[in-house]
file query20.tsv (TSV, C-alpha atoms)
chain	number	residue	atom	x	y	z
A	597	MET	CA	-89.04	-64.88	67.09
A	598	ARG	CA	-88.54	-68.56	66.50
A	599	ILE	CA	-89.69	-71.96	67.72
A	600	VAL	CA	-87.25	-74.87	67.93
A	601	SER	CA	-88.43	-78.38	68.83
A	602	ALA	CA	-86.22	-80.81	70.70
A	603	PRO	CA	-85.52	-84.02	68.75
A	604	ALA	CA	-85.88	-87.43	70.39
A	605	ALA	CA	-82.81	-88.05	72.52
A	606	ALA	CA	-81.76	-90.02	75.58
A	607	SER	CA	-79.52	-89.01	78.48
A	608	ARG	CA	-77.68	-90.94	81.18
A	609	LEU	CA	-77.36	-87.77	83.25
A	610	LEU	CA	-80.97	-87.41	84.45
A	611	PRO	CA	-81.83	-87.53	88.17
A	612	ASP	CA	-82.23	-90.78	90.06
A	613	ALA	CA	-85.24	-91.85	92.11
A	614	GLY	CA	-83.61	-90.92	95.42
A	615	THR	CA	-82.95	-87.30	94.42
A	616	LEU	CA	-86.48	-86.96	93.03
A	617	ALA	CA	-87.91	-88.35	96.27
A	618	ARG	CA	-85.98	-85.74	98.26
A	619	ALA	CA	-87.35	-83.05	95.95
A	620	ARG	CA	-90.89	-84.33	96.40
A	621	SER	CA	-90.68	-83.96	100.18
A	622	LEU	CA	-88.83	-80.61	100.14
A	623	ALA	CA	-91.78	-78.56	101.42
A	624	GLN	CA	-92.25	-80.95	104.32
A	625	ARG	CA	-88.69	-80.33	105.53
A	626	TYR	CA	-88.81	-76.57	104.97
A	627	PRO	CA	-92.20	-75.26	106.09
A	628	ASP	CA	-91.10	-71.68	105.39
A	629	LEU	CA	-91.24	-72.42	101.66
A	630	ALA	CA	-94.24	-70.67	100.18
A	631	THR	CA	-96.80	-72.82	98.40
A	632	PRO	CA	-96.95	-71.67	94.76
A	633	THR	CA	-100.18	-69.93	93.84
A	634	LEU	CA	-102.16	-71.59	91.05
A	635	SER	CA	-104.87	-69.48	89.44
A	636	ARG	CA	-106.92	-69.43	86.27
A	637	ALA	CA	-106.00	-66.87	83.61
A	638	PRO	CA	-109.03	-66.83	81.29
A	639	ALA	CA	-107.68	-63.75	79.50
A	640	LEU	CA	-105.04	-66.05	77.99
A	641	ASP	CA	-107.42	-68.84	76.94
A	642	ALA	CA	-108.00	-67.51	73.43
A	643	HIS	CA	-104.24	-67.13	72.91
A	644	ALA	CA	-103.49	-70.70	73.99
A	645	GLY	CA	-106.53	-72.46	72.54
A	646	GLY	CA	-107.51	-73.93	75.89
A	647	ARG	CA	-107.69	-73.35	79.63
A	648	VAL	CA	-104.70	-71.45	80.97
A	649	PHE	CA	-103.45	-71.48	84.55
A	650	VAL	CA	-100.68	-69.37	86.06
A	651	LEU	CA	-98.37	-70.95	88.64
A	652	ASP	CA	-96.78	-68.11	90.61
A	653	GLU	CA	-93.52	-68.64	92.52
A	654	SER	CA	-92.79	-64.97	93.12
A	655	THR	CA	-94.05	-65.13	96.71
A	656	GLN	CA	-91.01	-67.05	97.96
A	657	ALA	CA	-88.93	-65.33	100.65
A	658	THR	CA	-86.19	-64.60	98.11
A	659	GLY	CA	-88.66	-63.49	95.44
A	660	SER	CA	-88.11	-66.47	93.14
A	661	PHE	CA	-88.27	-70.25	92.78
A	662	LYS	CA	-84.50	-70.69	93.02
A	663	VAL	CA	-84.50	-71.01	96.78
A	664	ARG	CA	-85.85	-74.53	96.21
A	665	GLY	CA	-82.82	-75.85	94.39
A	666	ALA	CA	-80.43	-74.10	96.76
A	667	LEU	CA	-82.04	-75.78	99.77
A	668	LEU	CA	-81.93	-79.26	98.23
A	669	ALA	CA	-78.29	-78.92	97.19
A	670	LEU	CA	-76.98	-77.21	100.33
A	671	GLU	CA	-78.64	-79.61	102.74
A	672	SER	CA	-76.33	-82.27	101.29
A	673	VAL	CA	-73.32	-80.01	101.85
A	674	ALA	CA	-74.40	-79.26	105.43
A	675	ALA	CA	-74.86	-82.96	106.19
A	676	GLN	CA	-71.38	-83.82	104.90
A	677	THR	CA	-69.45	-80.75	106.12
A	678	PRO	CA	-71.25	-78.62	108.72
A	679	GLY	CA	-70.29	-74.95	108.52
A	680	ALA	CA	-68.69	-75.32	105.08
A	681	SER	CA	-68.28	-72.53	102.56
A	682	VAL	CA	-69.83	-72.65	99.10
A	683	ILE	CA	-69.56	-70.43	96.05
A	684	ALA	CA	-71.98	-69.72	93.21
A	685	ALA	CA	-72.28	-67.56	90.13
A	686	SER	CA	-75.58	-65.88	89.55
A	687	ALA	CA	-77.37	-63.21	87.57
A	688	GLY	CA	-79.34	-62.71	90.78
A	689	ASN	CA	-82.05	-65.15	91.82
A	690	HIS	CA	-79.86	-68.24	92.23
A	691	GLY	CA	-77.46	-66.21	94.34
A	692	ALA	CA	-80.28	-64.99	96.56
A	693	GLY	CA	-81.46	-68.57	96.94
A	694	VAL	CA	-77.98	-69.86	97.82
A	695	ALA	CA	-77.49	-67.03	100.33
A	696	TYR	CA	-80.84	-67.79	101.98
A	697	ALA	CA	-80.24	-71.54	102.09
A	698	ALA	CA	-76.72	-71.10	103.44
A	699	LYS	CA	-78.04	-68.96	106.30
A	700	GLN	CA	-80.76	-71.51	107.08
A	701	LEU	CA	-78.28	-74.41	107.10
A	702	GLY	CA	-75.37	-72.76	108.88
A	703	LEU	CA	-73.10	-72.47	105.84
A	704	ARG	CA	-71.10	-69.56	104.41
A	705	ALA	CA	-71.78	-68.39	100.85
A	706	THR	CA	-69.90	-66.30	98.30
A	707	ILE	CA	-71.79	-65.17	95.20
A	708	VAL	CA	-70.12	-63.83	92.04
A	709	VAL	CA	-72.48	-61.67	89.97
A	710	PRO	CA	-72.25	-59.81	86.65
A	711	SER	CA	-71.91	-56.05	86.95
A	712	SER	CA	-75.45	-55.80	85.54
A	713	ALA	CA	-77.09	-57.82	88.34
A	714	PRO	CA	-80.17	-55.95	89.66
A	715	ARG	CA	-79.90	-54.37	93.11
A	716	ALA	CA	-83.20	-56.03	94.05
A	717	LYS	CA	-81.31	-59.33	93.87
A	718	THR	CA	-77.88	-58.43	95.23
A	719	ASP	CA	-79.47	-56.71	98.22
A	720	LYS	CA	-81.16	-59.99	99.15
A	721	MET	CA	-77.84	-61.85	98.97
A	722	GLN	CA	-76.13	-59.39	101.28
A	723	ALA	CA	-79.09	-59.27	103.67
A	724	ALA	CA	-78.76	-63.05	104.09
A	725	GLY	CA	-75.09	-62.70	104.99
A	726	ALA	CA	-73.46	-63.75	101.73
A	727	THR	CA	-70.29	-62.20	100.39
A	728	VAL	CA	-71.09	-60.65	96.99
A	729	ILE	CA	-68.32	-60.19	94.44
A	730	GLN	CA	-69.03	-58.25	91.27
A	731	ALA	CA	-67.30	-59.57	88.15
A	732	GLY	CA	-65.78	-56.98	85.85
A	733	SER	CA	-68.28	-57.71	83.10
A	734	GLU	CA	-72.01	-57.62	82.43
A	735	SER	CA	-71.78	-61.22	81.14
A	736	TYR	CA	-73.03	-64.13	83.23
A	737	ASP	CA	-70.48	-66.38	81.53
A	738	ALA	CA	-67.68	-64.15	82.85
A	739	ALA	CA	-69.11	-64.28	86.37
A	740	GLU	CA	-69.34	-68.06	86.20
A	741	ALA	CA	-65.74	-68.38	84.98
A	742	CYS	CA	-64.60	-66.22	87.90
A	743	ALA	CA	-66.58	-68.28	90.42
A	744	LEU	CA	-65.28	-71.58	89.03
A	745	ALA	CA	-61.70	-70.34	89.24
A	746	MET	CA	-62.21	-69.25	92.86
A	747	ALA	CA	-63.82	-72.59	93.73
A	748	ALA	CA	-60.86	-74.49	92.29
A	749	ARG	CA	-58.32	-72.25	94.00
A	750	LEU	CA	-59.98	-72.33	97.42
A	751	GLY	CA	-61.33	-75.90	97.29
A	752	LEU	CA	-64.97	-74.83	97.65
A	753	ARG	CA	-68.15	-76.51	96.43
A	754	PHE	CA	-69.41	-74.67	93.35
A	755	VAL	CA	-73.23	-74.63	93.27
A	756	SER	CA	-74.33	-74.30	89.65
A	757	PRO	CA	-77.72	-72.73	88.94
A	758	TYR	CA	-78.41	-75.21	86.12
A	759	ASP	CA	-75.71	-77.93	85.91
A	760	ASP	CA	-76.34	-79.60	89.26
A	761	VAL	CA	-78.83	-82.46	89.55
A	762	GLU	CA	-79.82	-81.56	93.11
A	763	VAL	CA	-80.41	-77.93	92.14
A	764	LEU	CA	-82.52	-78.79	89.10
A	765	CYS	CA	-84.60	-81.30	91.09
A	766	GLY	CA	-85.16	-78.81	93.89
A	767	ASN	CA	-86.05	-76.01	91.48
A	768	GLY	CA	-88.09	-77.86	88.90
A	769	ALA	CA	-89.19	-81.27	90.16
A	770	SER	CA	-90.42	-80.05	93.57
A	771	LEU	CA	-92.47	-77.39	91.78
A	772	ALA	CA	-93.92	-79.94	89.35
A	773	TYR	CA	-95.11	-82.15	92.21
A	774	GLU	CA	-96.80	-79.17	93.86
A	775	LEU	CA	-98.43	-78.15	90.58
A	776	LEU	CA	-99.98	-81.59	90.15
A	777	ASP	CA	-101.25	-81.57	93.74
A	778	GLN	CA	-103.14	-78.34	93.01
A	779	LEU	CA	-104.13	-78.85	89.37
A	780	GLY	CA	-105.43	-82.37	89.89
A	781	GLU	CA	-104.68	-83.41	86.31
A	782	ALA	CA	-101.78	-83.78	83.92
A	783	PRO	CA	-101.18	-80.47	82.12
A	784	ALA	CA	-101.20	-80.58	78.34
A	785	ARG	CA	-98.38	-78.04	78.13
A	786	VAL	CA	-96.20	-76.05	80.52
A	787	LEU	CA	-94.47	-72.81	79.51
A	788	LEU	CA	-91.58	-71.68	81.67
A	789	PRO	CA	-88.39	-69.60	81.37
A	790	PHE	CA	-85.24	-71.27	80.05
A	791	GLY	CA	-81.72	-70.03	80.81
A	792	GLY	CA	-79.30	-72.81	81.62
A	793	GLY	CA	-82.15	-75.31	81.56
A	794	GLY	CA	-82.26	-76.49	85.16
A	795	LEU	CA	-85.86	-75.43	85.85
A	796	ALA	CA	-87.27	-76.92	82.63
A	797	THR	CA	-85.32	-80.17	82.97
A	798	GLY	CA	-86.22	-80.67	86.59
A	799	PHE	CA	-89.86	-79.77	85.97
A	800	ALA	CA	-90.14	-82.25	83.09
A	801	CYS	CA	-88.53	-85.00	85.19
A	802	GLY	CA	-90.81	-84.29	88.14
A	803	LEU	CA	-93.92	-84.41	85.95
A	804	ALA	CA	-92.85	-87.69	84.39
A	805	ASP	CA	-92.06	-89.23	87.76
A	806	ALA	CA	-95.36	-88.16	89.33
A	807	LEU	CA	-97.38	-89.38	86.32
A	808	GLY	CA	-95.55	-92.69	86.03
A	809	GLU	CA	-94.14	-91.83	82.60
A	810	THR	CA	-90.70	-92.57	81.19
A	811	PHE	CA	-88.48	-89.50	80.92
A	812	GLY	CA	-88.90	-87.90	77.51
A	813	ASP	CA	-91.73	-90.12	76.27
A	814	VAL	CA	-94.38	-87.43	76.75
A	815	ARG	CA	-93.00	-83.93	76.19
A	816	ARG	CA	-95.13	-81.33	77.87
A	817	VAL	CA	-92.58	-78.64	78.80
A	818	TRP	CA	-91.64	-75.71	76.54
A	819	GLY	CA	-88.86	-73.35	77.52
A	820	THR	CA	-88.99	-69.65	76.67
A	821	GLN	CA	-86.02	-67.31	76.31
A	822	SER	CA	-84.94	-64.02	74.83
A	823	GLU	CA	-83.68	-63.81	71.27
A	824	ALA	CA	-80.88	-61.64	72.68
A	825	SER	CA	-79.46	-64.69	74.48
A	826	CYS	CA	-80.94	-67.91	73.15
A	827	ALA	CA	-78.26	-70.52	73.78
A	828	MET	CA	-80.69	-73.44	73.94
A	829	ALA	CA	-82.42	-72.54	70.67
A	830	LEU	CA	-79.05	-72.27	68.95
A	831	SER	CA	-77.86	-75.50	70.57
A	832	LEU	CA	-80.90	-77.41	69.32
A	833	GLU	CA	-80.45	-75.99	65.84
A	834	ARG	CA	-76.76	-76.92	65.76
A	835	GLY	CA	-77.06	-80.22	67.60
A	836	ALA	CA	-74.38	-79.23	70.13
A	837	ALA	CA	-74.22	-77.10	73.26
A	838	VAL	CA	-73.42	-73.42	72.82
A	839	GLU	CA	-71.38	-73.12	76.01
A	840	ALA	CA	-70.71	-69.38	75.93
A	841	LEU	CA	-72.90	-66.76	74.34
A	842	PRO	CA	-72.39	-63.00	74.61
A	843	CYS	CA	-75.71	-61.23	74.89
A	844	ASP	CA	-76.77	-59.66	71.59
A	845	GLY	CA	-77.74	-56.33	73.08
A	846	PRO	CA	-79.57	-55.46	76.32
A	847	THR	CA	-82.29	-57.81	77.53
A	848	PHE	CA	-85.11	-57.54	80.05
A	849	ALA	CA	-84.51	-61.24	80.77
A	850	GLU	CA	-80.98	-60.84	82.15
A	851	GLY	CA	-81.54	-63.80	84.47
A	852	LEU	CA	-81.58	-66.12	81.45
A	853	GLU	CA	-78.45	-64.76	79.79
A	854	GLY	CA	-75.39	-66.90	78.95
A	855	GLY	CA	-74.49	-70.25	77.40
A	856	ILE	CA	-75.49	-73.79	78.32
A	857	SER	CA	-73.08	-76.56	79.36
A	858	ARG	CA	-72.83	-79.80	77.44
A	859	SER	CA	-74.29	-81.85	80.29
A	860	ALA	CA	-77.17	-79.41	80.86
A	861	PHE	CA	-77.94	-79.45	77.13
A	862	ASP	CA	-77.79	-83.26	77.13
A	863	ARG	CA	-80.32	-83.45	79.97
A	864	ALA	CA	-82.67	-80.77	78.67
A	865	ARG	CA	-83.03	-82.02	75.09
A	866	ALA	CA	-83.88	-85.48	76.43
A	867	VAL	CA	-87.02	-84.31	78.25
A	868	ILE	CA	-88.36	-80.95	77.02
A	869	ALA	CA	-90.53	-80.32	73.96
A	870	GLY	CA	-88.44	-77.39	72.73
A	871	VAL	CA	-87.84	-73.68	73.22
A	872	ILE	CA	-89.40	-70.47	71.97
A	873	ALA	CA	-87.12	-67.44	71.52
A	874	ILE	CA	-88.94	-64.14	71.85
A	875	ASP	CA	-88.00	-60.52	71.07
A	876	GLU	CA	-87.41	-57.85	73.70
A	877	GLY	CA	-90.49	-55.80	72.82
A	878	SER	CA	-92.70	-58.83	73.46
A	879	ILE	CA	-91.00	-59.45	76.81
A	880	ALA	CA	-91.58	-55.81	77.83
A	881	ARG	CA	-95.24	-56.00	76.81
A	882	ALA	CA	-95.62	-59.24	78.79
A	883	MET	CA	-94.18	-57.58	81.91
A	884	VAL	CA	-96.75	-54.81	81.66
A	885	TRP	CA	-99.57	-57.24	80.82
A	886	VAL	CA	-98.84	-59.38	83.88
A	887	LEU	CA	-99.04	-56.30	86.12
A	888	GLU	CA	-102.21	-54.94	84.55
A	889	GLN	CA	-104.07	-58.23	84.13
A	890	LEU	CA	-102.75	-60.41	86.95
A	891	GLY	CA	-101.69	-57.76	89.46
A	892	ARG	CA	-98.13	-59.09	89.73
A	893	ARG	CA	-94.98	-57.07	89.10
A	894	VAL	CA	-92.50	-59.62	87.76
A	895	GLU	CA	-89.07	-59.47	86.19
A	896	GLY	CA	-88.51	-60.00	82.48
A	897	SER	CA	-87.00	-63.43	83.16
A	898	ALA	CA	-90.43	-64.46	84.48
A	899	ALA	CA	-92.68	-62.60	82.03
A	900	VAL	CA	-90.88	-64.30	79.14
A	901	ALA	CA	-93.09	-67.35	79.79
A	902	VAL	CA	-96.23	-65.31	79.01
A	903	ALA	CA	-94.75	-63.48	76.03
A	904	PRO	CA	-95.17	-66.22	73.36
A	905	LEU	CA	-98.90	-66.46	74.01
A	906	LEU	CA	-99.41	-62.69	73.79
A	907	ALA	CA	-97.25	-62.54	70.65
A	908	GLY	CA	-99.32	-65.16	68.83
A	909	LEU	CA	-96.81	-68.01	69.02
A	910	ALA	CA	-99.21	-70.41	70.69
A	911	ALA	CA	-99.36	-73.05	67.93
A	912	PRO	CA	-96.84	-75.49	69.46
A	913	VAL	CA	-98.33	-75.25	72.93
A	914	ARG	CA	-101.99	-75.69	72.07
A	915	PRO	CA	-103.49	-78.63	74.00
A	916	ASP	CA	-103.91	-81.94	72.22
A	917	HIS	CA	-107.48	-82.18	73.46
A	918	ALA	CA	-110.19	-79.77	74.55
A	919	THR	CA	-109.79	-80.40	78.27
A	920	GLY	CA	-106.02	-80.07	78.39
A	921	ALA	CA	-104.65	-77.25	80.53
A	922	VAL	CA	-101.78	-74.96	79.64
A	923	VAL	CA	-99.75	-73.82	82.64
A	924	VAL	CA	-97.57	-70.70	82.59
A	925	VAL	CA	-94.94	-70.52	85.34
A	926	LEU	CA	-94.06	-67.08	86.73
A	927	THR	CA	-90.69	-67.49	88.39
A	928	GLY	CA	-89.71	-64.25	90.14
A	929	ARG	CA	-90.53	-60.70	91.18
A	930	ASN	CA	-87.03	-59.25	91.63
A	931	VAL	CA	-87.04	-56.32	89.25
A	932	ASP	CA	-85.65	-52.87	90.03
A	933	PRO	CA	-88.33	-50.11	89.78
A	934	GLU	CA	-86.41	-48.18	87.13
A	935	ARG	CA	-85.98	-51.37	85.10
A	936	PHE	CA	-89.71	-51.96	85.13
A	937	GLU	CA	-90.31	-48.41	83.95
A	938	GLN	CA	-87.89	-49.04	81.06
A	939	ALA	CA	-90.01	-52.05	80.13
A	940	ARG	CA	-93.17	-49.99	80.33
A	941	ALA	CA	-91.64	-47.45	77.91
A	942	ALA	CA	-90.45	-50.21	75.55
A	943	ALA	CA	-93.91	-51.77	75.58
A	944	ARG	CA	-95.36	-48.61	74.06
A	945	VAL	CA	-93.03	-48.74	71.04
call {"tool": "encode", "arguments": {"input": "query20.tsv", "output": "structure tokens"}}
result
Amino acid sequence: MRIVSAPAAASRLLPDAGTLARARSLAQRYPDLATPTLSRAPALDAHAGGRVFVLDESTQATGSFKVRGALLALESVAAQTPGASVIAASAGNHGAGVAYAAKQLGLRATIVVPSSAPRAKTDKMQAAGATVIQAGSESYDAAEACALAMAARLGLRFVSPYDDVEVLCGNGASLAYELLDQLGEAPARVLLPFGGGGLATGFACGLADALGETFGDVRRVWGTQSEASCAMALSLERGAAVEALPCDGPTFAEGLEGGISRSAFDRARAVIAGVIAIDEGSIARAMVWVLEQLGRRVEGSAAVAVAPLLAGLAAPVRPDHATGAVVVVLTGRNVDPERFEQARAAARV
């Protein structure tokens, strides 16, 4: 386990006011979007050193937050080229979001997934009418390379899960605005999963915009990821983006696996507080804890946000003052039953 802070940095690649405004009004344009559930989690208070709230996005139609970013990005495509085809690479949730958004907006979607993508996620893509292509590798990086090559060859719009400003604003910023509407105060800290960095970056930008702060001046957002695939932690330590990263063994957080692009790294380090890399046993125990204590069956890529608190790594996220709230974001429920049972067994070790 390790904690890596993000140094002060600036970026010219952060979202503009117009894109943030579109993200802020996303729920008004798409009434089928579920309102995230915000609830107190007093069982975590002692771990965090303050009041803890859980923001749950697992009730979305696709089972995760990523439908938000897909809708914001694909509505631009639909406005410019009605009926167009798009392509995406995904470990699962982004693909389900793109498939859902494409169906809603009259577009056609192709999703390239790693061979390890959970059925709970690929089934949602196919149910929404997307064409699903399985890459010949368990690596997300390989799936992304395949999708990018197809996009270039066929002249299609590639919809990145993390390196697209519209996607990150839809995913993160829209969620941040809705959090503030419910919480009624600025959170002291926010813990959320970090893969390619789109959610964390967008969330930090949305918080800053809503609170009237300059991007990066107040760093409230901590990303969490698996030690088995911790590209952002390594990138911060090295001062440069780790663009491809083979997974160091199996992970319960397969949705966060892979490298981070240079532009995504540039954006993320300018606005987040840092990342916490957590071991697989802690992720498994967090999955079980969330079910037993909160009554939610979530995937490892969501439970990873709870894991640092349960593992005693709360020091960097403790509130600066007694009234500050810590918010943990649960991002998705798409876990195969047998995968959850594997986590339950690992949690006992």
call {"tool": "closest_atom_pairs", "arguments": {"input": "query20.tsv", "of": "segment 666-783 of chain A", "to": "segment 630-652 of chain A", "cutoff": "12 Å", "atoms": "only C-alpha atoms", "output": "JSON lines"}}
result
{"residue": "A:Ser770", "atom": "CA", "partner": "A:Pro632", "partner_atom": "CA", "distance": 10.7}
{"residue": "A:Leu771", "atom": "CA", "partner": "A:Pro632", "partner_atom": "CA", "distance": 7.9}
{"residue": "A:Ala772", "atom": "CA", "partner": "A:Leu651", "partner_atom": "CA", "distance": 10.1}
{"residue": "A:Tyr773", "atom": "CA", "partner": "A:Pro632", "partner_atom": "CA", "distance": 10.9}
{"residue": "A:Glu774", "atom": "CA", "partner": "A:Pro632", "partner_atom": "CA", "distance": 7.6}
{"residue": "A:Leu775", "atom": "CA", "partner": "A:Leu651", "partner_atom": "CA", "distance": 7.5}
{"residue": "A:Leu776", "atom": "CA", "partner": "A:Leu634", "partner_atom": "CA", "distance": 10.3}
{"residue": "A:Asp777", "atom": "CA", "partner": "A:Leu634", "partner_atom": "CA", "distance": 10.4}
{"residue": "A:Gln778", "atom": "CA", "partner": "A:Leu634", "partner_atom": "CA", "distance": 7.1}
{"residue": "A:Leu779", "atom": "CA", "partner": "A:Leu634", "partner_atom": "CA", "distance": 7.7}
{"residue": "A:Gly780", "atom": "CA", "partner": "A:Leu634", "partner_atom": "CA", "distance": 11.3}
{"residue": "A:Pro783", "atom": "CA", "partner": "A:Phe649", "partner_atom": "CA", "distance": 9.6}
call {"tool": "write_last_selection", "arguments": {"input": "query20.tsv", "atoms": "C-alpha atoms", "output": "mmCIF file, in the frame of the given file"}}
result
data_model
loop_
_atom_site.group_PDB
_atom_site.id
_atom_site.type_symbol
_atom_site.label_atom_id
_atom_site.label_comp_id
_atom_site.auth_asym_id
_atom_site.auth_seq_id
_atom_site.Cartn_x
_atom_site.Cartn_y
_atom_site.Cartn_z
ATOM 1 C CA SER A 770 -90.420 -80.050 93.570
ATOM 2 C CA LEU A 771 -92.470 -77.390 91.780
ATOM 3 C CA ALA A 772 -93.920 -79.940 89.350
ATOM 4 C CA TYR A 773 -95.110 -82.150 92.210
ATOM 5 C CA GLU A 774 -96.800 -79.170 93.860
ATOM 6 C CA LEU A 775 -98.430 -78.150 90.580
ATOM 7 C CA LEU A 776 -99.980 -81.590 90.150
ATOM 8 C CA ASP A 777 -101.250 -81.570 93.740
ATOM 9 C CA GLN A 778 -103.140 -78.340 93.010
ATOM 10 C CA LEU A 779 -104.130 -78.850 89.370
ATOM 11 C CA GLY A 780 -105.430 -82.370 89.890
ATOM 12 C CA PRO A 783 -101.180 -80.470 82.120
#
call {"tool": "closest_atom_pairs", "arguments": {"input": "query20.tsv", "of": "segment 623-670 of chain A", "to": "segment 712-720 of chain A", "cutoff": "10 Å", "atoms": "all atoms listed in the file", "output": "Markdown table"}}
result
| residue | atom | partner | partner_atom | distance |
| --- | --- | --- | --- | --- |
| A:Ala657 | CA | A:Lys720 | CA | 9.5 |
| A:Thr658 | CA | A:Lys720 | CA | 6.9 |
| A:Gly659 | CA | A:Lys717 | CA | 8.6 |
| A:Ser660 | CA | A:Lys717 | CA | 9.9 |
call {"tool": "closest_residue", "arguments": {"input": "query20.tsv", "among": "A:Gly851, A:Gly751, A:Pro611, A:Pro912", "to": "Ile683 of chain A", "atoms": "all atoms listed in the file"}}
result
A:Gly751
call {"tool": "atom_distance", "arguments": {"input": "query20.tsv", "atom1": "atom CA of Arg893 of chain A", "atom2": "atom CA of Arg664 of chain A"}}
result
20.9 Å
call {"tool": "closest_residue", "arguments": {"input": "query20.tsv", "among": "A:Gly854, A:Gly928, A:Ala942, A:Asp612", "to": "Gln656 of chain A", "atoms": "all atoms listed in the file"}}
result
A:Gly928
call {"tool": "closest_residue", "arguments": {"input": "query20.tsv", "among": "A:Val761, A:Phe848, A:Ala903, A:Ser822", "to": "Glu934 of chain A", "atoms": "all atoms listed in the file"}}
result
A:Phe848
call {"tool": "atom_distance", "arguments": {"input": "query20.tsv", "atom1": "atom CA of Leu670 of chain A", "atom2": "atom CA of Val728 of chain A"}}
result
17.9 Å
call {"tool": "atom_distance", "arguments": {"input": "query20.tsv", "atom1": "atom CA of Ala880 of chain A", "atom2": "atom CA of Ala824 of chain A"}}
result
13.2 Å
call {"tool": "residues_around", "arguments": {"input": "query20.tsv", "residues": "Leu795 of chain A", "least_positions_apart": "5", "cutoff": "10 Å", "atoms": "only C-alpha atoms", "output": "PyMOL selection string"}}
result
chain A and resi 661-662+665+757-758+763-769+771-772+788-790+800-801+819+864+927
call {"tool": "write_last_selection", "arguments": {"input": "query20.tsv", "atoms": "C-alpha atoms", "output": "PDB file, in the frame of the given file"}}
result
ATOM      1  CA  PHE A 661     -88.270 -70.250  92.780  1.00  0.00           C
ATOM      2  CA  LYS A 662     -84.500 -70.690  93.020  1.00  0.00           C
ATOM      3  CA  GLY A 665     -82.820 -75.850  94.390  1.00  0.00           C
ATOM      4  CA  PRO A 757     -77.720 -72.730  88.940  1.00  0.00           C
ATOM      5  CA  TYR A 758     -78.410 -75.210  86.120  1.00  0.00           C
ATOM      6  CA  VAL A 763     -80.410 -77.930  92.140  1.00  0.00           C
ATOM      7  CA  LEU A 764     -82.520 -78.790  89.100  1.00  0.00           C
ATOM      8  CA  CYS A 765     -84.600 -81.300  91.090  1.00  0.00           C
ATOM      9  CA  GLY A 766     -85.160 -78.810  93.890  1.00  0.00           C
ATOM     10  CA  ASN A 767     -86.050 -76.010  91.480  1.00  0.00           C
ATOM     11  CA  GLY A 768     -88.090 -77.860  88.900  1.00  0.00           C
ATOM     12  CA  ALA A 769     -89.190 -81.270  90.160  1.00  0.00           C
ATOM     13  CA  LEU A 771     -92.470 -77.390  91.780  1.00  0.00           C
ATOM     14  CA  ALA A 772     -93.920 -79.940  89.350  1.00  0.00           C
ATOM     15  CA  LEU A 788     -91.580 -71.680  81.670  1.00  0.00           C
ATOM     16  CA  PRO A 789     -88.390 -69.600  81.370  1.00  0.00           C
ATOM     17  CA  PHE A 790     -85.240 -71.270  80.050  1.00  0.00           C
ATOM     18  CA  ALA A 800     -90.140 -82.250  83.090  1.00  0.00           C
ATOM     19  CA  CYS A 801     -88.530 -85.000  85.190  1.00  0.00           C
ATOM     20  CA  GLY A 819     -88.860 -73.350  77.520  1.00  0.00           C
ATOM     21  CA  ALA A 864     -82.670 -80.770  78.670  1.00  0.00           C
ATOM     22  CA  THR A 927     -90.690 -67.490  88.390  1.00  0.00           C
TER      23      THR A 927
END
call {"tool": "residues_around", "arguments": {"input": "query20.tsv", "residues": "Gln700 of chain A", "least_positions_apart": "5", "cutoff": "10 Å", "atoms": "all atoms listed in the file", "output": "list in words"}}
result
Tyr626, Leu667, Leu670, Glu671, Val694, Ala695 and Ala724 of chain A
call {"tool": "closest_residue", "arguments": {"input": "query20.tsv", "among": "A:Glu823, A:Glu653, A:Glu839, A:Glu734", "to": "Val709 of chain A", "atoms": "only C-alpha atoms"}}
result
A:Glu734
call {"tool": "closest_residue", "arguments": {"input": "query20.tsv", "among": "A:Ala860, A:Ala747, A:Val673, A:Ala796", "to": "Ala901 of chain A", "atoms": "all atoms listed in the file"}}
result
A:Ala796
call {"tool": "closest_residue", "arguments": {"input": "query20.tsv", "among": "A:Ser672, A:Ser607, A:Ser859, A:Gln938", "to": "Met883 of chain A", "atoms": "all atoms listed in the file"}}
result
A:Gln938
call {"tool": "decode", "arguments": {"input": "query20.tsv", "residues": "segment 822-828 of chain A", "atoms": "N, CA and C atoms", "output": "PDB file, in the first residue's frame"}}
result
ATOM      1  N   SER A 822      -5.754  -0.031  -7.493  1.00  0.00           N
ATOM      2  CA  SER A 822      -5.124  -1.261  -7.046  1.00  0.00           C
ATOM      3  C   SER A 822      -3.616  -1.204  -7.243  1.00  0.00           C
ATOM      4  N   GLU A 823      -2.891  -1.772  -6.286  1.00  0.00           N
ATOM      5  CA  GLU A 823      -1.439  -1.885  -6.461  1.00  0.00           C
ATOM      6  C   GLU A 823      -1.080  -2.731  -7.679  1.00  0.00           C
ATOM      7  N   ALA A 824      -1.990  -3.613  -8.090  1.00  0.00           N
ATOM      8  CA  ALA A 824      -1.717  -4.487  -9.236  1.00  0.00           C
ATOM      9  C   ALA A 824      -1.673  -3.719 -10.547  1.00  0.00           C
ATOM     10  N   SER A 825      -2.293  -2.532 -10.571  1.00  0.00           N
ATOM     11  CA  SER A 825      -2.274  -1.689 -11.766  1.00  0.00           C
ATOM     12  C   SER A 825      -2.418  -0.249 -11.320  1.00  0.00           C
ATOM     13  N   CYS A 826      -1.304   0.349 -10.959  1.00  0.00           N
ATOM     14  CA  CYS A 826      -1.334   1.690 -10.340  1.00  0.00           C
ATOM     15  C   CYS A 826      -0.575   2.696 -11.201  1.00  0.00           C
ATOM     16  N   ALA A 827      -1.043   2.886 -12.426  1.00  0.00           N
ATOM     17  CA  ALA A 827      -0.341   3.759 -13.367  1.00  0.00           C
ATOM     18  C   ALA A 827      -0.217   5.190 -12.853  1.00  0.00           C
ATOM     19  N   MET A 828      -1.259   5.708 -12.211  1.00  0.00           N
ATOM     20  CA  MET A 828      -1.190   7.101 -11.755  1.00  0.00           C
ATOM     21  C   MET A 828      -0.187   7.253 -10.616  1.00  0.00           C
TER      22      MET A 828
END
